[in-house]
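Asks: One structure, as structure tokens, below. Some questions next.
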Amino acid sequence: MKWIGERISFSEEKNKTTIVINPEDHTWLKAVMGAWVSMWYTIGGVITWSYFKLDLSQQESLILVIFMVFWLYFAYKVTGSFLWMLWGKELIKIDEVALYYKRSIKKYGKSTPYYLENISKLELNQPKEKSVQAAWEKSPWIAGGERIEFEYLGKRVKFGRKLNEKDTTLLFKLIAKRISERLKGK
């Protein structure tokens, strides 16, 4: 097992390269995010209880329903980010045929094959340091911030969540080299 930075490990066998990208590990951030998620669910519980137990006018009921729609959306997003912080990882395997990508939380997640001959326009996507995009992607409730992308049959595929510039460059070079080696071997 070799390492690129603190978050990326990879191993190489004869015709296969396996890469694991772990999320950022900030214990204090996990604790704060856990408290925030707990409070968010408490708010949702109180609003749900209020909807069913209090004698509300039609307008008040409508307001609570609209609030709960927004609440559910953000509960889904924030819970996903929190679970990603705790147990998430990105798994990339490059063999003779395809690049397999899996975004998993614990063991859950689907591995998707991307056949090497259909991969094009492999490129870096590093936001400018003081841009709004960089500030947005640094926030803990955002799980995105993918740094490497390629085009596959007309669709953009992105991975490498919240990697710093040095790690992104090293990972990009490793992946580009392995893909070109596998394509030349065919």
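Convention: chains lettered A, B, ... in structure tokens order; per-chain residue numbering from 1; ligands numbered from 1 as shown.
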Got a sec: who's within 7 Å of segment 160-163 of chain A, counting only C-alpha atoms, leaving out chain neighbours fewer than 2 positions off, as a PyMOL selection string?
Replies: chain A and resi 144-148+165+167-168
Asks: Got time to write the residues from that selection, N, CA, C and O atoms, as an mmCIF file, in the first residue's frame?
Replies:
data_model
loop_
_atom_site.group_PDB
_atom_site.id
_atom_site.type_symbol
_atom_site.label_atom_id
_atom_site.label_comp_id
_atom_site.auth_asym_id
_atom_site.auth_seq_id
_atom_site.Cartn_x
_atom_site.Cartn_y
_atom_site.Cartn_z
ATOM 1 N N GLY A 144 -19.738 17.431 -1.847
ATOM 2 C CA GLY A 144 -19.153 17.476 -3.190
ATOM 3 C C GLY A 144 -17.759 18.052 -3.229
ATOM 4 O O GLY A 144 -16.969 17.892 -2.325
ATOM 5 N N GLY A 145 -17.490 18.765 -4.274
ATOM 6 C CA GLY A 145 -16.163 19.346 -4.456
ATOM 7 C C GLY A 145 -15.227 18.401 -5.178
ATOM 8 O O GLY A 145 -14.045 18.315 -4.846
ATOM 9 N N GLU A 146 -15.747 17.678 -6.161
ATOM 10 C CA GLU A 146 -14.934 16.734 -6.909
ATOM 11 C C GLU A 146 -13.878 17.471 -7.721
ATOM 12 O O GLU A 146 -14.148 18.509 -8.296
ATOM 13 N N ARG A 147 -12.680 16.927 -7.760
ATOM 14 C CA ARG A 147 -11.546 17.621 -8.366
ATOM 15 C C ARG A 147 -11.090 17.053 -9.710
ATOM 16 O O ARG A 147 -10.404 17.713 -10.463
ATOM 17 N N ILE A 148 -11.437 15.800 -9.998
ATOM 18 C CA ILE A 148 -11.015 15.184 -11.258
ATOM 19 C C ILE A 148 -12.280 14.777 -12.006
ATOM 20 O O ILE A 148 -13.228 14.283 -11.403
ATOM 21 N N GLU A 165 -4.824 20.716 -3.748
ATOM 22 C CA GLU A 165 -4.256 20.836 -5.096
ATOM 23 C C GLU A 165 -3.123 19.842 -5.343
ATOM 24 O O GLU A 165 -3.047 19.213 -6.400
ATOM 25 N N ASP A 167 -2.518 16.856 -3.811
ATOM 26 C CA ASP A 167 -3.042 15.492 -3.899
ATOM 27 C C ASP A 167 -3.807 15.274 -5.202
ATOM 28 O O ASP A 167 -3.719 14.218 -5.808
ATOM 29 N N THR A 168 -4.557 16.291 -5.617
ATOM 30 C CA THR A 168 -5.320 16.193 -6.860
ATOM 31 C C THR A 168 -4.381 15.981 -8.048
ATOM 32 O O THR A 168 -4.619 15.119 -8.892
#
Asks: Would you list, as a ChimeraX atom specification, the residues of chain A that end up in strand (DSSP E) under DSSP run on this structure's backbone?
Replies: /A:2-4,8-12,17-21,88-94,98-105,112-115,119-124,146-152,155-161
Asks: Please run DSSP on the backbone and report, as number ranges by chain, all residues within chain A that come out as alpha helix (DSSP H).
Replies: A: 27-53, 58-87, 132-138, 165-184
Asks: Which residues, written as a PyMOL selection string, have at least one atom at most 8 Å from Ile19 of chain A, with only C-alpha atoms counted and residues fewer than 4 positions away on the same chain left out?
Replies: chain A and resi 8-11+91-93
Asks: Residues as selected, all heavy atoms, written as a compact mmCIF listing (two decimals), in the first residue's frame, can you do that?
Replies:
# COMPACT_ATOMS: atom_id res chain seq x y z
N ILE A 8 -5.16 9.58 0.43
CA ILE A 8 -5.25 8.71 -0.75
C ILE A 8 -4.23 7.58 -0.63
O ILE A 8 -3.04 7.83 -0.48
CB ILE A 8 -4.98 9.49 -2.04
CG1 ILE A 8 -5.89 10.71 -2.15
CG2 ILE A 8 -5.14 8.59 -3.26
CD1 ILE A 8 -5.51 11.67 -3.25
N SER A 9 -4.73 6.36 -0.71
CA SER A 9 -3.83 5.20 -0.74
C SER A 9 -4.09 4.44 -2.03
O SER A 9 -5.18 4.50 -2.60
CB SER A 9 -4.07 4.30 0.47
OG SER A 9 -5.38 3.78 0.45
N PHE A 10 -3.06 3.72 -2.48
CA PHE A 10 -3.25 2.90 -3.68
C PHE A 10 -2.35 1.68 -3.61
O PHE A 10 -1.31 1.68 -2.94
CB PHE A 10 -3.01 3.70 -4.97
CG PHE A 10 -1.59 4.10 -5.21
CD1 PHE A 10 -0.78 3.37 -6.06
CD2 PHE A 10 -1.06 5.24 -4.62
CE1 PHE A 10 0.53 3.76 -6.31
CE2 PHE A 10 0.24 5.64 -4.86
CZ PHE A 10 1.05 4.89 -5.71
N SER A 11 -2.81 0.63 -4.26
CA SER A 11 -2.01 -0.58 -4.37
C SER A 11 -2.02 -1.02 -5.82
O SER A 11 -2.99 -0.77 -6.55
CB SER A 11 -2.56 -1.69 -3.47
OG SER A 11 -3.85 -2.07 -3.88
N LEU A 91 -13.72 4.67 -4.00
CA LEU A 91 -12.91 3.54 -4.43
C LEU A 91 -12.80 3.57 -5.95
O LEU A 91 -13.81 3.65 -6.65
CB LEU A 91 -13.55 2.22 -3.99
CG LEU A 91 -13.83 2.12 -2.49
CD1 LEU A 91 -14.77 0.98 -2.20
CD2 LEU A 91 -12.53 1.95 -1.74
N ILE A 92 -11.58 3.49 -6.44
CA ILE A 92 -11.32 3.50 -7.88
C ILE A 92 -10.44 2.29 -8.20
O ILE A 92 -9.41 2.09 -7.55
CB ILE A 92 -10.60 4.79 -8.32
CG1 ILE A 92 -11.43 6.01 -7.93
CG2 ILE A 92 -10.31 4.77 -9.82
CD1 ILE A 92 -10.66 7.31 -7.99
N LYS A 93 -10.87 1.51 -9.18
CA LYS A 93 -10.06 0.38 -9.62
C LYS A 93 -9.88 0.50 -11.12
O LYS A 93 -10.85 0.71 -11.86
CB LYS A 93 -10.75 -0.94 -9.27
CG LYS A 93 -9.93 -2.16 -9.66
CD LYS A 93 -10.58 -3.44 -9.19
CE LYS A 93 -11.57 -3.88 -10.24
NZ LYS A 93 -12.13 -5.21 -10.00
Asks: For a quick check of understanding, using only C-alpha atoms, which of A:Glu149, A:Glu60, A:Asp55, A:Glu181 has the smallest distance to Leu122 of chain A?
Replies: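 Between A:Glu149, A:Glu60, A:Asp55, A:Glu181, the residue approaching Leu122 of chain A most closely is A:Glu149.
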Asks: Which residue is closest to Lys177 of chain A? Choose from A:Asn118, A:Leu54, A:Lys106, A:Ile94 and count only C-alpha atoms.
Replies: A:Ile94
Asks: Hey, what's within 12 Å of Val46 of chain A if we count only C-alpha atoms and toss same-chain stuff fewer than 6 positions away? As a PyMOL selection string, please?
Replies: chain A and resi 39-40+52-54+64+68+71
Asks: With N, CA and C atoms retained, could you export that selection as a tab-separated table (two decimals), in the first residue's frame?
Replies:
chain	number	residue	atom	x	y	z
A	39	MET	N	-29.97	18.24	16.20
A	39	MET	CA	-30.87	19.36	16.40
A	39	MET	C	-31.85	19.49	15.22
A	40	TRP	N	-31.36	19.24	14.01
A	40	TRP	CA	-32.20	19.32	12.83
A	40	TRP	C	-33.34	18.31	12.91
A	52	PHE	N	-49.67	17.36	13.75
A	52	PHE	CA	-50.69	16.36	14.06
A	52	PHE	C	-51.43	16.60	15.39
A	53	LYS	N	-50.82	17.30	16.33
A	53	LYS	CA	-51.43	17.41	17.67
A	53	LYS	C	-52.08	18.77	17.95
A	54	LEU	N	-51.63	19.82	17.31
A	54	LEU	CA	-52.19	21.14	17.62
A	54	LEU	C	-53.38	21.44	16.70
A	64	LEU	N	-46.70	24.79	7.69
A	64	LEU	CA	-45.93	23.68	8.25
A	64	LEU	C	-45.59	22.64	7.17
A	68	MET	N	-41.89	21.60	6.08
A	68	MET	CA	-41.43	20.21	6.16
A	68	MET	C	-40.85	19.73	4.83
A	71	TRP	N	-37.50	21.13	4.97
A	71	TRP	CA	-36.80	20.43	6.05
A	71	TRP	C	-36.35	19.05	5.60
Asks: Counting only C-alpha atoms, figure out which residue out of A:Tyr108, A:Tyr115, A:Tyr76, A:Phe172 gets nearest to Asp95 of chain A.
Replies: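 Result for the nearest residue to Asp95 of chain A: A:Tyr115.
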Asks: Near Glu151 of chain A, within 10 Å and counting only C-alpha atoms, which residues show up once chain neighbours fewer than 6 positions away are dropped, as a PyMOL selection string?
Replies: chain A and resi 114+118-123+157-158
Asks: With distances taken over only C-alpha atoms, which residue among A:Lys14, A:Lys130, A:Asn125, A:Val37 lies nearest Lys77 of chain A?
Replies: A:Val37
Asks: Just to confirm, what's the straight-line distance from atom CA of His26 of chain A to atom CA of Gln126 of chain A in Å (one decimal)?
Replies: 21.7 Å
Asks: Excluding Gly34 of chain A and any residue of its chain fewer than 6 positions from it, enumerate the residues within 10 Å of it, using only C-alpha atoms, and give them as a list of chain:residue names.
Replies: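 Here the answer would be A:Trp28, A:Trp40, A:Val78, A:Thr79, A:Phe82, A:Leu83, A:Met85, A:Leu86.
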Asks: Selection from above, N, CA, C and O atoms, as a tab-separated table (two decimals), in the first residue's frame, can you write it?
Replies:
chain	number	residue	atom	x	y	z
A	28	TRP	N	-13.38	17.31	15.62
A	28	TRP	CA	-14.23	18.38	16.14
A	28	TRP	C	-15.36	18.71	15.17
A	28	TRP	O	-16.48	19.00	15.57
A	40	TRP	N	-31.36	19.24	14.01
A	40	TRP	CA	-32.20	19.32	12.83
A	40	TRP	C	-33.34	18.31	12.91
A	40	TRP	O	-34.49	18.62	12.62
A	78	VAL	N	-27.97	16.90	4.49
A	78	VAL	CA	-27.06	17.02	5.63
A	78	VAL	C	-26.74	15.64	6.21
A	78	VAL	O	-25.60	15.37	6.60
A	79	THR	N	-27.73	14.76	6.25
A	79	THR	CA	-27.48	13.40	6.74
A	79	THR	C	-26.49	12.68	5.84
A	79	THR	O	-25.57	12.02	6.33
A	82	PHE	N	-23.07	14.05	6.58
A	82	PHE	CA	-22.60	13.59	7.89
A	82	PHE	C	-22.14	12.13	7.82
A	82	PHE	O	-21.08	11.78	8.33
A	83	LEU	N	-22.93	11.28	7.19
A	83	LEU	CA	-22.55	9.87	7.05
A	83	LEU	C	-21.28	9.75	6.21
A	83	LEU	O	-20.43	8.89	6.48
A	85	MET	N	-18.84	11.96	6.13
A	85	MET	CA	-17.73	12.33	7.02
A	85	MET	C	-17.32	11.17	7.92
A	85	MET	O	-16.14	10.98	8.19
A	86	LEU	N	-18.30	10.42	8.40
A	86	LEU	CA	-18.03	9.33	9.33
A	86	LEU	C	-17.45	8.09	8.65
A	86	LEU	O	-16.45	7.54	9.11
Asks: Using only C-alpha atoms, which of A:Ile21, A:Glu13, A:Gly109, A:Lys184 sits nearest Leu171 of chain A?
Replies: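 When distances to Leu171 of chain A are compared using only C-alpha atoms, the smallest one comes from A:Ile21.
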Asks: Which is closest to Leu183 of chain A among A:Val20, A:Ile66, A:Ala35, A:Leu116, if we use only C-alpha atoms?
Replies: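 Smallest separation from Leu183 of chain A among the options: A:Leu116.
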